[in-house]
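What's in target-v8.cif: mmCIF, C-alpha atoms
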```
data_data
#
loop_
_atom_site.label_atom_id
_atom_site.label_comp_id
_atom_site.auth_asym_id
_atom_site.auth_seq_id
_atom_site.Cartn_x
_atom_site.Cartn_y
_atom_site.Cartn_z
CA MET A 1 0.00 0.00 0.00
CA ASN A 2 1.26 3.42 -0.86
CA THR A 3 1.50 5.18 2.49
CA GLY A 4 2.32 8.56 0.96
CA GLU A 5 5.56 9.02 2.88
CA SER A 6 8.32 11.07 1.30
CA LYS A 7 11.01 9.14 -0.55
CA GLY A 8 13.70 11.77 -0.06
CA PRO A 9 17.25 10.80 0.88
CA PRO A 10 18.02 10.08 4.56
CA LEU A 11 19.95 12.73 6.41
CA GLY A 12 22.44 11.49 9.00
CA ALA A 13 22.94 8.10 10.53
CA PRO A 14 19.76 6.07 11.17
CA ASP A 15 20.33 6.02 14.95
CA GLU A 16 20.82 9.79 15.00
CA ILE A 17 17.66 10.41 12.97
CA ALA A 18 15.58 8.07 15.12
CA ALA A 19 16.82 9.62 18.34
CA ARG A 20 16.10 13.13 17.09
CA ALA A 21 12.60 12.18 15.94
CA SER A 22 11.85 10.48 19.26
CA GLU A 23 12.85 13.62 21.13
CA GLU A 24 11.00 16.03 18.88
CA ILE A 25 7.75 14.09 18.85
CA LEU A 26 7.45 14.65 22.61
CA GLY A 27 6.59 18.29 21.90
CA PRO A 28 3.73 18.10 19.40
CA ASN A 29 2.28 21.25 17.93
CA PRO A 30 -0.27 22.50 20.52
CA PHE A 31 -2.52 23.99 17.81
CA VAL A 32 -3.20 20.66 16.09
CA GLY A 33 -6.84 19.72 16.73
CA LEU A 34 -7.54 22.99 18.56
CA ARG A 35 -10.59 24.91 17.38
CA PRO A 36 -10.15 28.70 17.04
CA GLN A 37 -13.56 29.28 18.62
CA ASP A 38 -12.38 27.54 21.79
CA ILE A 39 -9.41 29.89 22.05
CA PHE A 40 -11.60 32.94 21.46
CA ALA A 41 -14.17 31.74 23.99
CA ALA A 42 -11.51 31.32 26.68
CA ALA A 43 -9.96 34.69 25.82
CA HIS A 44 -13.40 36.27 26.08
CA GLN A 45 -13.80 34.78 29.55
CA ILE A 46 -10.47 36.24 30.62
CA GLY A 47 -11.48 39.67 29.30
CA ALA A 48 -14.84 39.47 31.06
CA GLN A 49 -13.14 38.64 34.34
CA ALA A 50 -10.84 41.64 33.93
CA LEU A 51 -13.89 43.90 33.59
CA ARG A 52 -15.69 42.29 36.53
CA GLN A 53 -12.66 42.27 38.84
CA PRO A 54 -10.82 45.56 38.25
CA THR A 55 -9.33 45.40 41.75
CA LEU A 56 -7.69 42.08 40.95
CA VAL A 57 -6.31 43.55 37.71
CA LEU A 58 -4.77 46.45 39.63
CA GLU A 59 -3.28 44.08 42.20
CA GLN A 60 -1.67 41.96 39.49
CA GLU A 61 -0.39 45.05 37.70
CA ALA A 62 1.12 46.32 40.94
CA ALA A 63 2.77 42.95 41.53
CA LEU A 64 4.14 43.01 37.98
CA ALA A 65 5.50 46.53 38.50
CA ARG A 66 7.31 45.43 41.66
CA GLU A 67 8.79 42.45 39.84
CA LEU A 68 9.98 44.64 36.97
CA LEU A 69 11.63 47.05 39.40
CA SER A 70 13.44 44.09 40.94
CA VAL A 71 14.53 43.02 37.47
CA LEU A 72 15.91 46.48 36.68
CA SER A 73 17.75 46.64 40.00
CA GLY A 74 19.25 43.18 39.46
CA ASN A 75 17.57 41.71 42.55
CA ALA A 76 14.95 39.55 40.83
CA LYS A 77 14.86 35.86 41.71
CA LEU A 78 13.06 34.74 38.58
CA ASP A 79 14.38 31.68 36.77
CA PRO A 80 12.88 29.62 33.95
CA PRO A 81 11.37 26.24 34.88
CA GLN A 82 13.88 23.43 35.15
CA GLY A 83 14.14 21.62 31.83
CA ASP A 84 13.06 24.60 29.70
CA LYS A 85 15.46 24.22 26.78
CA ARG A 86 14.64 27.62 25.32
CA PHE A 87 16.85 29.43 27.81
CA THR A 88 19.83 27.10 28.22
CA ASP A 89 22.28 29.39 26.39
CA SER A 90 24.76 31.00 28.78
CA ALA A 91 23.84 34.48 27.51
CA TRP A 92 20.58 34.30 29.46
CA ARG A 93 22.64 34.17 32.67
CA ASP A 94 25.80 36.11 31.81
CA ASN A 95 24.55 38.94 29.60
CA PRO A 96 22.78 41.67 31.65
CA PHE A 97 20.48 42.63 28.77
CA TYR A 98 19.34 39.08 28.07
CA ARG A 99 19.00 38.32 31.79
CA MET A 100 16.68 41.31 32.28
CA TYR A 101 14.81 40.42 29.08
CA LEU A 102 14.22 36.88 30.34
CA GLN A 103 13.21 37.92 33.84
CA GLY A 104 10.84 40.58 32.50
CA TYR A 105 9.22 37.95 30.28
CA LEU A 106 8.87 35.55 33.20
CA ALA A 107 7.39 38.28 35.40
CA TRP A 108 4.81 39.11 32.73
CA GLY A 109 3.83 35.45 32.34
CA LYS A 110 3.62 35.09 36.13
CA ALA A 111 1.27 38.07 36.34
CA LEU A 112 -1.06 36.69 33.68
CA SER A 113 -1.12 33.24 35.27
CA GLY A 114 -1.70 34.79 38.68
CA PHE A 115 -4.71 36.72 37.40
CA VAL A 116 -6.31 33.56 36.00
CA ALA A 117 -5.58 31.59 39.19
CA ARG A 118 -7.15 34.28 41.40
CA SER A 119 -10.12 34.98 39.13
CA ALA A 120 -13.70 33.93 39.87
CA LEU A 121 -13.77 31.42 37.02
CA ASP A 122 -14.83 27.87 37.80
CA ALA A 123 -12.19 25.12 37.81
CA LYS A 124 -12.78 23.95 34.24
CA SER A 125 -12.83 27.50 32.86
CA LYS A 126 -9.60 28.25 34.70
CA GLU A 127 -7.94 25.28 33.01
CA ARG A 128 -9.00 26.54 29.60
CA ALA A 129 -7.95 30.09 30.41
CA SER A 130 -4.58 28.92 31.71
CA PHE A 131 -4.05 26.98 28.48
CA VAL A 132 -4.81 30.07 26.37
CA VAL A 133 -2.46 32.16 28.53
CA SER A 134 0.28 29.56 28.04
CA LEU A 135 -0.25 29.67 24.26
CA VAL A 136 0.07 33.46 24.26
CA THR A 137 3.12 33.59 26.52
CA ASP A 138 4.85 30.78 24.64
CA ALA A 139 4.13 32.44 21.30
CA LEU A 140 5.60 35.73 22.55
CA ALA A 141 8.69 34.18 24.13
CA PRO A 142 11.94 36.05 23.41
CA THR A 143 13.42 32.99 21.73
CA ASN A 144 10.78 33.20 18.99
CA THR A 145 12.48 36.31 17.65
CA LEU A 146 15.91 36.48 16.07
CA LEU A 147 17.29 39.27 18.25
CA GLY A 148 15.84 37.61 21.33
CA ASN A 149 17.54 34.29 20.65
CA PRO A 150 21.26 34.45 21.45
CA ALA A 151 21.79 30.83 20.42
CA ALA A 152 20.37 31.58 16.96
CA LEU A 153 22.54 34.68 16.62
CA LYS A 154 25.65 32.68 17.51
CA LYS A 155 24.66 30.04 14.96
CA ILE A 156 24.34 32.68 12.24
CA ILE A 157 27.86 33.92 12.96
CA GLU A 158 29.34 30.41 13.17
CA SER A 159 27.68 29.28 9.94
CA GLY A 160 28.41 32.46 8.01
CA GLY A 161 24.71 33.15 7.57
CA ALA A 162 23.84 29.65 6.31
CA SER A 163 21.61 28.91 9.31
CA LEU A 164 19.57 32.05 8.60
CA VAL A 165 19.06 31.00 4.98
CA ALA A 166 18.07 27.49 6.10
CA GLY A 167 15.61 28.95 8.60
CA LEU A 168 13.98 31.10 5.93
CA GLN A 169 13.71 28.05 3.68
CA ASN A 170 12.06 26.10 6.51
CA MET A 171 9.62 28.95 7.07
CA MET A 172 8.65 29.02 3.39
CA ALA A 173 8.24 25.24 3.38
CA ASP A 174 5.96 25.45 6.42
CA LEU A 175 3.88 28.18 4.79
CA THR A 176 3.52 26.39 1.46
CA LYS A 177 3.51 22.70 2.42
CA ASN A 178 2.48 22.45 6.09
CA GLN A 179 -0.49 24.83 6.31
CA GLY A 180 1.65 27.42 8.07
CA MET A 181 2.39 25.19 11.05
CA PRO A 182 6.01 24.58 12.11
CA ALA A 183 7.09 21.13 10.97
CA GLN A 184 8.50 19.08 13.85
CA VAL A 185 10.19 16.32 11.85
CA ASN A 186 12.20 16.40 8.64
CA LYS A 187 10.09 14.11 6.48
CA GLN A 188 12.83 13.88 3.86
CA ALA A 189 15.06 12.07 6.36
CA PHE A 190 13.07 8.82 6.45
CA ARG A 191 12.92 5.97 3.96
CA LEU A 192 10.75 2.95 4.58
CA GLY A 193 12.79 -0.23 4.82
CA GLU A 194 16.08 1.65 5.30
CA ASN A 195 15.95 3.69 8.51
CA LEU A 196 12.28 3.12 9.29
CA ALA A 197 10.11 -0.02 9.36
CA ARG A 198 13.01 -2.39 8.75
CA SER A 199 11.52 -5.59 10.16
CA PRO A 200 10.98 -8.06 7.26
CA GLY A 201 7.42 -9.06 6.49
CA ALA A 202 4.82 -9.45 3.77
CA VAL A 203 1.25 -8.34 3.06
CA VAL A 204 -1.04 -11.37 3.46
CA PHE A 205 -4.40 -9.61 3.07
CA ARG A 206 -5.64 -6.41 1.44
CA ASN A 207 -8.96 -4.62 1.07
CA ASP A 208 -9.99 -1.03 0.35
CA LEU A 209 -9.43 -0.01 4.00
CA LEU A 210 -6.27 -1.78 5.12
CA GLU A 211 -3.48 -4.23 4.58
CA LEU A 212 -2.53 -7.00 6.98
CA ILE A 213 1.22 -7.50 7.39
CA GLN A 214 2.73 -10.74 8.69
CA TYR A 215 6.31 -10.43 9.95
CA VAL A 216 9.00 -13.02 9.38
CA PRO A 217 9.89 -14.91 12.59
CA SER A 218 13.49 -14.60 13.76
CA THR A 219 13.45 -17.70 15.97
CA SER A 220 13.44 -21.37 14.99
CA ASP A 221 10.29 -22.01 17.03
CA VAL A 222 7.29 -19.72 17.46
CA TYR A 223 4.24 -19.72 19.67
CA ALA A 224 1.17 -21.24 18.02
CA ARG A 225 -1.06 -18.34 18.99
CA PRO A 226 -0.40 -15.24 16.81
CA HIS A 227 -0.33 -11.65 18.09
CA LEU A 228 -2.30 -8.94 16.31
CA ILE A 229 -1.32 -5.26 16.50
CA VAL A 230 -3.87 -2.60 15.50
CA PRO A 231 -2.54 0.99 15.39
CA PRO A 232 -4.79 4.07 15.52
CA GLN A 233 -6.40 5.01 12.23
CA ILE A 234 -4.53 8.34 12.30
CA ASN A 235 -1.12 6.67 12.57
CA LYS A 236 1.03 4.42 10.44
CA TYR A 237 1.79 0.80 11.23
CA TYR A 238 5.47 1.56 11.69
CA ILE A 239 4.92 3.43 14.94
CA PHE A 240 5.41 -0.12 16.25
CA ASP A 241 8.49 -0.68 14.05
CA LEU A 242 10.50 2.55 14.12
CA SER A 243 14.10 1.31 13.86
CA PRO A 244 16.31 -1.49 15.24
CA GLY A 245 16.39 -1.24 19.01
CA ARG A 246 13.26 0.95 19.00
CA SER A 247 10.80 -1.52 17.54
CA ILE A 248 8.04 -3.40 19.35
CA VAL A 249 7.70 -5.68 16.33
CA GLU A 250 11.41 -6.51 16.46
CA PHE A 251 11.17 -7.35 20.16
CA MET A 252 8.12 -9.56 19.64
CA VAL A 253 9.52 -11.61 16.76
CA LYS A 254 12.77 -12.09 18.68
CA SER A 255 10.63 -13.40 21.55
CA GLY A 256 9.14 -16.11 19.35
CA LEU A 257 5.78 -14.48 18.58
CA GLN A 258 3.94 -14.61 15.27
CA VAL A 259 3.21 -10.93 14.66
CA PHE A 260 0.51 -9.46 12.43
CA VAL A 261 0.03 -5.69 12.06
CA VAL A 262 -2.77 -3.71 10.44
CA SER A 263 -1.71 -0.95 8.05
CA TRP A 264 -4.51 1.54 7.50
CA ARG A 265 -5.10 3.15 4.13
CA ASN A 266 -4.37 6.83 3.59
CA PRO A 267 -7.92 8.22 3.23
CA THR A 268 -8.88 10.36 0.26
CA PRO A 269 -12.06 12.36 -0.45
CA ALA A 270 -13.56 9.10 -1.74
CA GLN A 271 -13.55 7.73 1.82
CA ARG A 272 -15.09 10.78 3.51
CA SER A 273 -18.33 8.88 4.24
CA TRP A 274 -16.60 6.05 6.13
CA ASP A 275 -17.65 5.77 9.75
CA MET A 276 -17.03 3.36 12.63
CA GLU A 277 -19.39 0.82 11.07
CA ALA A 278 -17.23 0.79 7.96
CA LEU A 279 -14.13 0.23 10.08
CA TRP A 280 -15.79 -2.64 11.92
CA ARG A 281 -17.03 -4.31 8.74
CA ARG A 282 -13.78 -4.07 6.81
CA CYS A 283 -11.59 -5.00 9.77
CA CYS A 284 -13.49 -8.15 10.76
CA ARG A 285 -12.29 -10.32 7.89
CA PRO A 286 -8.54 -9.71 8.25
CA SER A 287 -8.87 -10.06 12.03
CA ARG A 288 -10.47 -13.47 11.60
CA ARG A 289 -7.69 -14.43 9.19
CA CYS A 290 -5.04 -14.34 11.92
CA ALA A 291 -6.95 -14.09 15.19
CA THR A 292 -9.46 -15.85 17.39
CA SER A 293 -11.25 -14.75 20.53
CA ARG A 294 -8.18 -15.89 22.50
CA THR A 295 -5.63 -14.12 20.29
CA PRO A 296 -3.62 -11.45 22.14
CA ARG A 297 -4.03 -8.00 20.67
CA THR A 298 -2.04 -4.81 21.04
CA SER A 299 -3.91 -1.66 20.08
CA THR A 300 -3.77 2.05 20.91
CA CYS A 301 -6.10 5.02 20.75
CA MET A 302 -9.05 4.06 18.48
CA GLY A 303 -7.29 0.85 17.44
CA PRO A 304 -9.11 -1.21 20.11
CA ALA A 305 -12.55 -0.56 18.58
CA PRO A 306 -12.15 -2.48 15.30
CA ALA A 307 -9.70 -4.88 16.95
CA ARG A 308 -12.29 -6.44 19.25
#
```

Written as structure tokens, that's how I'd like the structure from this file.
Amino acid sequence: MNTGESKGPPLGAPDEIAARASEEILGPNPFVGLRPQDIFAAAHQIGAQALRQPTLVLEQEAALARELLSVLSGNAKLDPPQGDKRFTDSAWRDNPFYRMYLQGYLAWGKALSGFVARSALDAKSKERASFVVSLVTDALAPTNTLLGNPAALKKIIESGGASLVAGLQNMMADLTKNQGMPAQVNKQAFRLGENLARSPGAVVFRNDLLELIQYVPSTSDVYARPHLIVPPQINKYYIFDLSPGRSIVEFMVKSGLQVFVVSWRNPTPAQRSWDMEALWRRCCRPSRRCATSRTPRTSTCMGPAPAR
């Protein structure tokens, strides 16, 4: 089945690429799946609270003013959260300008968060408002600007301007090919069967919804009962077979299991009417081909529904 993945050349050693992808996927784009109306609704609630609680607004503004005076005098005790990689460059500690810039930013974010925490919103509304505040403060972080990112400035100097050109190219690619969202993984770096999905196997069943892959055992003896893996419909089968040493499939076949994995079709406009009933109906036959009621199954997200 054509999965639609890019066939571009791999960049770097397979282990390096896999490690980088594993790290980057831990910080998915927070705007994916987020409805604009939800953001506006939460922002409206924050604005309404500011009008209803002017005293609280003044208190938070006074607290922010005191913090900023401490920043200017060099007595502020504001530090970024432990593990925040945006501010690991030494300039944020050693350079007076960048130190004040960082502490002023942290004081501003603290004031906004404090207002939401002390507002009269109910618990669920506070969670939504806090999320919107975090989106705003993260979007306006100093590191999201060139002059406010000392690490990026150093990179420009070290690379003779090449990093700036590469960044502009990435921005144009995001605007034209990724709906304006920052891409988190270099799709050109992966090639199926080379540095991704390397476990040997074969397609033993195919219909208009999926393919069923059976993997080649790597032991002389295997358990009689097969194991069926059903990934979420929004993911590819190789989330279970990333690369050697990072593959559930690899571990299973080395443990003597017969492994079958469902590979879902990339939907097109022709499949826009498919619903859960269609998934059930089309998944039943391949499931019966390799599984019984006693067959162990591994499934994630919506994978369990058609896997039952």

Residue IDs satisfying the PyMOL selection byres ((chain A and resi 103) around 8), as a PDB file with C-alpha atoms, keeping the file's coordinate frame:
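Generated output (expr.pdb):
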```
ATOM      1  CA  VAL A  71      14.530  43.020  37.470  1.00  0.00           C
ATOM      2  CA  ALA A  76      14.950  39.550  40.830  1.00  0.00           C
ATOM      3  CA  LEU A  78      13.060  34.740  38.580  1.00  0.00           C
ATOM      4  CA  ASP A  79      14.380  31.680  36.770  1.00  0.00           C
ATOM      5  CA  ARG A  99      19.000  38.320  31.790  1.00  0.00           C
ATOM      6  CA  MET A 100      16.680  41.310  32.280  1.00  0.00           C
ATOM      7  CA  TYR A 101      14.810  40.420  29.080  1.00  0.00           C
ATOM      8  CA  LEU A 102      14.220  36.880  30.340  1.00  0.00           C
ATOM      9  CA  GLY A 104      10.840  40.580  32.500  1.00  0.00           C
ATOM     10  CA  TYR A 105       9.220  37.950  30.280  1.00  0.00           C
ATOM     11  CA  LEU A 106       8.870  35.550  33.200  1.00  0.00           C
ATOM     12  CA  ALA A 107       7.390  38.280  35.400  1.00  0.00           C
TER      13      ALA A 107
END
```

Nearest to Trp274 in chain A by atom-to-atom distance, counting only C-alpha atoms, from A:Asp89, A:Gln233, A:Met181, A:Asp241: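 Selected residue with least distance to Trp274 in chain A: A:Gln233.
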
Non-local contacts of Asn170 in chain A (12 Å; all atoms listed in the file; under 2 positions in same chain excluded) as a ChimeraX atom specification: /A:163-168,172-178,180-186

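The interatomic distance for the pair CA of Ala62 in chain A and CA of Ala123 in chain A works out to 25.2 Å.
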
Nearest-residue call for Asn195 in chain A, choices A:Met252, A:Ile213, A:Leu242, A:Ile157, using all atoms listed in the file: A:Leu242

With all atoms listed in the file counted, which protein, DNA or RNA residues have an atom no more than 12 Å from (-9.2, 34.9, 28.5) in the file frame? Please answer as an mmCIF file with C-alpha atoms, keeping the file's coordinate frame.
```cif
data_model
loop_
_atom_site.group_PDB
_atom_site.id
_atom_site.type_symbol
_atom_site.label_atom_id
_atom_site.label_comp_id
_atom_site.auth_asym_id
_atom_site.auth_seq_id
_atom_site.Cartn_x
_atom_site.Cartn_y
_atom_site.Cartn_z
ATOM 1 C CA ASP A 38 -12.380 27.540 21.790
ATOM 2 C CA ILE A 39 -9.410 29.890 22.050
ATOM 3 C CA PHE A 40 -11.600 32.940 21.460
ATOM 4 C CA ALA A 41 -14.170 31.740 23.990
ATOM 5 C CA ALA A 42 -11.510 31.320 26.680
ATOM 6 C CA ALA A 43 -9.960 34.690 25.820
ATOM 7 C CA HIS A 44 -13.400 36.270 26.080
ATOM 8 C CA GLN A 45 -13.800 34.780 29.550
ATOM 9 C CA ILE A 46 -10.470 36.240 30.620
ATOM 10 C CA GLY A 47 -11.480 39.670 29.300
ATOM 11 C CA ALA A 48 -14.840 39.470 31.060
ATOM 12 C CA GLN A 49 -13.140 38.640 34.340
ATOM 13 C CA ALA A 50 -10.840 41.640 33.930
ATOM 14 C CA LEU A 51 -13.890 43.900 33.590
ATOM 15 C CA LEU A 112 -1.060 36.690 33.680
ATOM 16 C CA SER A 113 -1.120 33.240 35.270
ATOM 17 C CA PHE A 115 -4.710 36.720 37.400
ATOM 18 C CA VAL A 116 -6.310 33.560 36.000
ATOM 19 C CA ALA A 117 -5.580 31.590 39.190
ATOM 20 C CA SER A 119 -10.120 34.980 39.130
ATOM 21 C CA LEU A 121 -13.770 31.420 37.020
ATOM 22 C CA SER A 125 -12.830 27.500 32.860
ATOM 23 C CA LYS A 126 -9.600 28.250 34.700
ATOM 24 C CA GLU A 127 -7.940 25.280 33.010
ATOM 25 C CA ARG A 128 -9.000 26.540 29.600
ATOM 26 C CA ALA A 129 -7.950 30.090 30.410
ATOM 27 C CA SER A 130 -4.580 28.920 31.710
ATOM 28 C CA PHE A 131 -4.050 26.980 28.480
ATOM 29 C CA VAL A 132 -4.810 30.070 26.370
ATOM 30 C CA VAL A 133 -2.460 32.160 28.530
ATOM 31 C CA SER A 134 0.280 29.560 28.040
ATOM 32 C CA LEU A 135 -0.250 29.670 24.260
ATOM 33 C CA VAL A 136 0.070 33.460 24.260
#
```

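Near Asn235 in chain A, within 9 Å and counting only C-alpha atoms, sit Pro231, Ile239, Ser263 and Trp264 of chain A, not including residues fewer than 4 positions from it in the same chain.
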
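Taking CA of Pro81 in chain A as the reference point, CA of Ala139 in chain A is found at 16.6 Å.
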
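In this structure, CA of Ser218 in chain A sits 5.6 Å away from CA of Lys254 in chain A.
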
Contact residues around Val261 in chain A with only C-alpha atoms at 7 Å, ignoring same-chain residues under 3 positions, as a VMD selection string: chain A and resid 212 to 214 228 to 230 237

Just C-alpha atoms for this one: save the residues we selected as a PDB file, in the frame of the given file.
```pdb
ATOM      1  CA  LEU A 212      -2.530  -7.000   6.980  1.00  0.00           C
ATOM      2  CA  ILE A 213       1.220  -7.500   7.390  1.00  0.00           C
ATOM      3  CA  GLN A 214       2.730 -10.740   8.690  1.00  0.00           C
ATOM      4  CA  LEU A 228      -2.300  -8.940  16.310  1.00  0.00           C
ATOM      5  CA  ILE A 229      -1.320  -5.260  16.500  1.00  0.00           C
ATOM      6  CA  VAL A 230      -3.870  -2.600  15.500  1.00  0.00           C
ATOM      7  CA  TYR A 237       1.790   0.800  11.230  1.00  0.00           C
TER       8      TYR A 237
END
```

From A:Thr88, A:Gln271, A:Leu140, A:Ser243, residue lying nearest Arg191 in chain A [only C-alpha atoms]: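 Checking each of A:Thr88, A:Gln271, A:Leu140, A:Ser243 against Arg191 in chain A, counting only C-alpha atoms, the winner is A:Ser243.
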
Residues matched by the PyMOL selection byres ((chain A and resi 199) around 10) as a list of chain:residue names: A:Gly193, A:Glu194, A:Leu196, A:Ala197, A:Arg198, A:Pro200, A:Gly201, A:Tyr215, A:Val216, A:Pro217, A:Ser218, A:Tyr238, A:Asp241, A:Leu242, A:Ser243, A:Pro244, A:Ser247, A:Val249, A:Glu250, A:Val253

Can those selected residues be exported to a file as a PDB file, keeping the file's coordinate frame so that it contains C-alpha atoms?
```
ATOM      1  CA  GLY A 193      12.790  -0.230   4.820  1.00  0.00           C
ATOM      2  CA  GLU A 194      16.080   1.650   5.300  1.00  0.00           C
ATOM      3  CA  LEU A 196      12.280   3.120   9.290  1.00  0.00           C
ATOM      4  CA  ALA A 197      10.110  -0.020   9.360  1.00  0.00           C
ATOM      5  CA  ARG A 198      13.010  -2.390   8.750  1.00  0.00           C
ATOM      6  CA  PRO A 200      10.980  -8.060   7.260  1.00  0.00           C
ATOM      7  CA  GLY A 201       7.420  -9.060   6.490  1.00  0.00           C
ATOM      8  CA  TYR A 215       6.310 -10.430   9.950  1.00  0.00           C
ATOM      9  CA  VAL A 216       9.000 -13.020   9.380  1.00  0.00           C
ATOM     10  CA  PRO A 217       9.890 -14.910  12.590  1.00  0.00           C
ATOM     11  CA  SER A 218      13.490 -14.600  13.760  1.00  0.00           C
ATOM     12  CA  TYR A 238       5.470   1.560  11.690  1.00  0.00           C
ATOM     13  CA  ASP A 241       8.490  -0.680  14.050  1.00  0.00           C
ATOM     14  CA  LEU A 242      10.500   2.550  14.120  1.00  0.00           C
ATOM     15  CA  SER A 243      14.100   1.310  13.860  1.00  0.00           C
ATOM     16  CA  PRO A 244      16.310  -1.490  15.240  1.00  0.00           C
ATOM     17  CA  SER A 247      10.800  -1.520  17.540  1.00  0.00           C
ATOM     18  CA  VAL A 249       7.700  -5.680  16.330  1.00  0.00           C
ATOM     19  CA  GLU A 250      11.410  -6.510  16.460  1.00  0.00           C
ATOM     20  CA  VAL A 253       9.520 -11.610  16.760  1.00  0.00           C
TER      21      VAL A 253
END
```

Edge lengths and centre in Å to one decimal, as AutoDock Vina command-line options, is what I'm after for the box along x, y and z that holds all listed atoms of range 97-115 of chain A once 8 Å is added on each side.
```
--center_x 7.9 --center_y 37.9 --center_z 33.4 --size_x 41.2 --size_y 25.4 --size_z 26.6
```

Residue among A:Ala162, A:Val204, A:Leu56, A:Leu209 lying closest to Asp275 in chain A, counting only C-alpha atoms: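 That would be A:Leu209, the residue with the smallest distance to Asp275 in chain A.
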
Contacts of Pro150 in chain A at 12 Å (all atoms listed in the file; same-chain gap of 6+ positions) as a list in words: Arg86, Phe87, Thr88, Asp89, Ser90, Ala91, Trp92, Arg93, Asp94, Asn95, Phe97, Tyr98, Arg99, Tyr101, Leu102, Pro142, Thr143, Asn144, Ile156 and Ile157 of chain A
